[in-house]
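Report on one structure; see the data block that follows.
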Amino acid sequence: MDRSLGDGRLTGDTASVDGADDLVSRSRELEGVSFSAILDGSAESRVQWATPGGLELVGRGVAARFTAAGPDRFDRVRTQASRAFDGLVHDGPEAARPRAFGGVSFHDGHEPAPPWTGFDAASFVVPQVLVARTDDGTWLTAVGNRSDNVDDRLERWHERLTALPAMRPSGSTPGVAATRRTTSPATWTSQVEAVLERIADGRLTKAVLAQALSVTLEGPVDVPATLERLRRRYPNCYRFLVSHDIGGTFFGAPPERLVSKRGQRVETEALAGSVPRGETPAEDEEYVDRMRADEKFQHEHGLVVDAIRKQLAPLARDLTVSDQTIRRLATIQHLQTPIEATLSGDRHVLEIVEALHPTPAVGGVPPDVAWETIRDTETFERGWYASPVGWFDADGDGEFAVAIRSGIAADGTVTLFAGNGIVGDSDPDEEWDEVQLKYRPILDELQ
Ligand SMILES: C=C(O[C@@H]1C=C(C(=O)O)C=C[C@H]1O)C(=O)O
């Protein structure tokens, strides 16, 4: 048995799970309990995932872990996962089944360094304890190896959770002592101009440039409570939290779905083009009308639709691009185009994630020149910002968001990230203003 560490860590590519080590899981129903006990305290691995549709999952501990780096990171995670999930026996409803939660870094060459300590180029965990709030009720699931006492774990956590009050307090904000930008307005202007030069040369069509804002807090930040407040203000966004046993807590409220896959059905979207909210409904509409009629916005958005179509087509039997709509959030409005496909065969959601990431909503066109431009221009490490974050299950189904409107909390600081698409006729000042809007969801909740 070369499955080594007591915490369920699989030993890289040599991992194997023999009969005695197959994963088992058991569920039991819970009456409305607070998620907080699962997420509070300790240095254990913790995850949270919530969709605009109402599915909420929180987990802690590590029943299995899959990590990889380099260009074949998706394949390697898939291989490790299929070994671990192969013999899985789940005693409980489908809604409460074990899942692997995690994500990948923006680029496969990523090396974890502060603030990204603990965040590998690809890293997923199957939590030992999972609470799922679904249309079919709220379920507690305990997961472990056959040699673990999963029943015992289930009963312990059931007692612990049912003894607590049902409501999670949304808490007070930590307060902001100071902020520091990675990119001054003057630097931003020259960065955008450098991108525009490459576009004028004909080497590049679009690149998404981003910046970071390091926020020093006055007090400790309660990330789950911050996400709870974000739920109220941004009910139609995803919410996620990923925290490993070392390093910080990566979290966010992204509006953008990278992919959801169930069987052969896949849903994704193009989300690109941003304007502010107005003071009144009429002003909201004015912004939207301007964005809809504007060639620059349509070009920028169209590039994302075309790229997704092109990236998905080889995997799909049919593909439907719906009409363009508006995604209206509390502080910003985007152009959105829903895209659906039926896959041509059995595929793992990670294959779709790999095919799509990065879309030109966060990368650019052509992708390799865009990445080279981003790397040459940006003055911070993207880490897991703008990357796929989500979950997959034993069948290879799952859902991933694009980790934007996100930040990483570590050592009394939250580092926030925000970017915007640059195309031929982009104006550095307008792009600056749009980027600042994208810090707001989390920044507002820290102040
Ligand atoms: C890159 C970000 O957002 C992306 C870029 C957008 C744009 O260029 O208009 C809009 C939505 C997102 O796809 C971000 O929020 O950091």
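Ligands are numbered from 1 in the order shown, residues from 1 within each chain, and chains are lettered A, B, ... in the order they appear in the structure tokens.
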
query: What residues in stretch 42-185 of chain A get the DSSP label strand (DSSP E)? Please answer as a PyMOL selection string.
result: chain A and resi 46-50+56-60+64-68+89-91+100-104+122-126+129-134+137-145+176-181

Same residues, C-alpha atoms, output as a PDB file, in the first residue's frame:
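The result, stored in again.pdb:
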ATOM      1  CA  ARG A  46     -11.737  23.461   4.635  1.00  0.00           C
ATOM      2  CA  VAL A  47     -13.882  24.042   1.550  1.00  0.00           C
ATOM      3  CA  GLN A  48     -17.116  25.809   0.754  1.00  0.00           C
ATOM      4  CA  TRP A  49     -19.046  25.920  -2.498  1.00  0.00           C
ATOM      5  CA  ALA A  50     -22.404  27.544  -3.223  1.00  0.00           C
ATOM      6  CA  GLU A  56     -24.449  24.721  -0.724  1.00  0.00           C
ATOM      7  CA  LEU A  57     -21.613  22.413   0.242  1.00  0.00           C
ATOM      8  CA  VAL A  58     -19.106  22.753   3.043  1.00  0.00           C
ATOM      9  CA  GLY A  59     -16.418  20.285   3.959  1.00  0.00           C
ATOM     10  CA  ARG A  60     -13.438  19.788   6.205  1.00  0.00           C
ATOM     11  CA  ALA A  64      -8.189  11.888  -0.197  1.00  0.00           C
ATOM     12  CA  ARG A  65      -6.094  14.542  -1.841  1.00  0.00           C
ATOM     13  CA  PHE A  66      -5.041  14.896  -5.478  1.00  0.00           C
ATOM     14  CA  THR A  67      -2.310  17.325  -6.459  1.00  0.00           C
ATOM     15  CA  ALA A  68      -0.265  17.862  -9.612  1.00  0.00           C
ATOM     16  CA  VAL A  89     -19.158   2.802  -1.722  1.00  0.00           C
ATOM     17  CA  HIS A  90     -21.580   5.588  -0.820  1.00  0.00           C
ATOM     18  CA  ASP A  91     -24.427   4.840   1.567  1.00  0.00           C
ATOM     19  CA  ALA A 100     -13.409  16.386  -4.739  1.00  0.00           C
ATOM     20  CA  PHE A 101     -13.201  20.155  -4.213  1.00  0.00           C
ATOM     21  CA  GLY A 102     -10.425  22.445  -5.315  1.00  0.00           C
ATOM     22  CA  GLY A 103      -8.979  24.129  -8.328  1.00  0.00           C
ATOM     23  CA  VAL A 104      -5.913  24.958 -10.321  1.00  0.00           C
ATOM     24  CA  ALA A 122      -3.691  21.701  -9.207  1.00  0.00           C
ATOM     25  CA  SER A 123      -5.107  20.579  -5.907  1.00  0.00           C
ATOM     26  CA  PHE A 124      -8.315  18.856  -4.858  1.00  0.00           C
ATOM     27  CA  VAL A 125      -9.507  17.278  -1.627  1.00  0.00           C
ATOM     28  CA  VAL A 126     -12.299  14.859  -0.826  1.00  0.00           C
ATOM     29  CA  VAL A 129     -16.926  15.584   6.624  1.00  0.00           C
ATOM     30  CA  LEU A 130     -19.343  17.186   4.183  1.00  0.00           C
ATOM     31  CA  VAL A 131     -22.607  19.059   4.685  1.00  0.00           C
ATOM     32  CA  ALA A 132     -24.760  19.466   1.589  1.00  0.00           C
ATOM     33  CA  ARG A 133     -27.770  21.761   1.552  1.00  0.00           C
ATOM     34  CA  THR A 134     -29.786  20.712  -1.511  1.00  0.00           C
ATOM     35  CA  GLY A 137     -32.771  18.435   2.263  1.00  0.00           C
ATOM     36  CA  THR A 138     -29.606  18.955   4.268  1.00  0.00           C
ATOM     37  CA  TRP A 139     -27.269  16.015   4.595  1.00  0.00           C
ATOM     38  CA  LEU A 140     -24.210  15.213   6.621  1.00  0.00           C
ATOM     39  CA  THR A 141     -21.739  12.823   4.999  1.00  0.00           C
ATOM     40  CA  ALA A 142     -18.657  11.221   6.536  1.00  0.00           C
ATOM     41  CA  VAL A 143     -15.996   9.878   4.186  1.00  0.00           C
ATOM     42  CA  GLY A 144     -12.940   7.744   4.904  1.00  0.00           C
ATOM     43  CA  ASN A 145     -11.043   4.607   4.072  1.00  0.00           C
ATOM     44  CA  VAL A 176      -9.408  48.242   6.755  1.00  0.00           C
ATOM     45  CA  ALA A 177      -6.210  49.741   8.205  1.00  0.00           C
ATOM     46  CA  ALA A 178      -4.442  50.369   4.879  1.00  0.00           C
ATOM     47  CA  THR A 179      -4.497  49.409   1.199  1.00  0.00           C
ATOM     48  CA  ARG A 180      -1.609  49.013  -1.190  1.00  0.00           C
ATOM     49  CA  ARG A 181      -1.881  48.638  -4.966  1.00  0.00           C
TER      50      ARG A 181
END

field: Near-A:Thr373 list (9 Å; only C-alpha atoms; drop same-chain fewer than 4 positions) as a ChimeraX atom specification
entry: /A:194-195,198,204,207,209,368-369,377-378

Save the residues we just selected, N, CA and C atoms, as a short mmCIF file (atom, residue, chain, number, x, y, z; two decimals), in the first residue's frame?
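File produced: result_38.cif:
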data_model
loop_
_atom_site.label_atom_id
_atom_site.label_comp_id
_atom_site.auth_asym_id
_atom_site.auth_seq_id
_atom_site.Cartn_x
_atom_site.Cartn_y
_atom_site.Cartn_z
N ALA A 194 1.25 49.15 -23.52
CA ALA A 194 2.11 48.06 -24.01
C ALA A 194 1.26 46.98 -24.68
N VAL A 195 0.09 46.70 -24.10
CA VAL A 195 -0.81 45.71 -24.69
C VAL A 195 -1.35 46.24 -26.03
N ARG A 198 1.09 45.71 -28.83
CA ARG A 198 1.10 44.34 -29.37
C ARG A 198 -0.12 44.10 -30.25
N LEU A 204 -1.50 40.23 -31.33
CA LEU A 204 -2.47 39.97 -30.26
C LEU A 204 -3.80 40.62 -30.62
N ALA A 207 -6.11 40.89 -24.59
CA ALA A 207 -5.50 40.32 -23.38
C ALA A 207 -6.21 40.91 -22.17
N LEU A 209 -5.87 42.21 -18.61
CA LEU A 209 -4.85 42.68 -17.67
C LEU A 209 -5.47 42.80 -16.30
N ASP A 368 -1.79 31.83 -26.29
CA ASP A 368 -0.37 31.78 -25.90
C ASP A 368 0.26 33.18 -25.90
N VAL A 369 -0.08 33.99 -26.90
CA VAL A 369 0.47 35.35 -26.94
C VAL A 369 -0.13 36.18 -25.79
N THR A 377 3.74 41.66 -18.46
CA THR A 377 3.20 42.98 -18.11
C THR A 377 2.79 43.08 -16.64
N GLU A 378 2.06 42.08 -16.15
CA GLU A 378 1.52 42.20 -14.79
C GLU A 378 2.64 42.14 -13.75
#

- request: May I ask which of the residues A:Asp411, A:Asp393, A:Asp289, A:Glu256 is the closest one to ligand 1, counting only C-alpha atoms and all ligand atoms?
  value: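 So, comparing all the options, the nearest one is A:Glu256.
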
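For ligand 1, the protein and nucleic acid residues at most 6 Å away, judged by only C-alpha atoms and all ligand atoms, amount to Leu271, Ala272, Gly273, Ser274, Ala361, Val362, Ile404, Arg405, Ala418, Gly419, Asn420, Gly421 and Lys438 of chain A.
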
- prompt: Suppose you want the space between atom CA of A:Arg28 and atom CA of A:His158; what is it in Å?
  reply: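 Rounded to one decimal, the two atoms are 8.3 Å apart.
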
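The closest residue to A:Pro276, picked from A:Ala341, A:Val349, A:Leu258, A:Val435 and counting only C-alpha atoms, is A:Val435.
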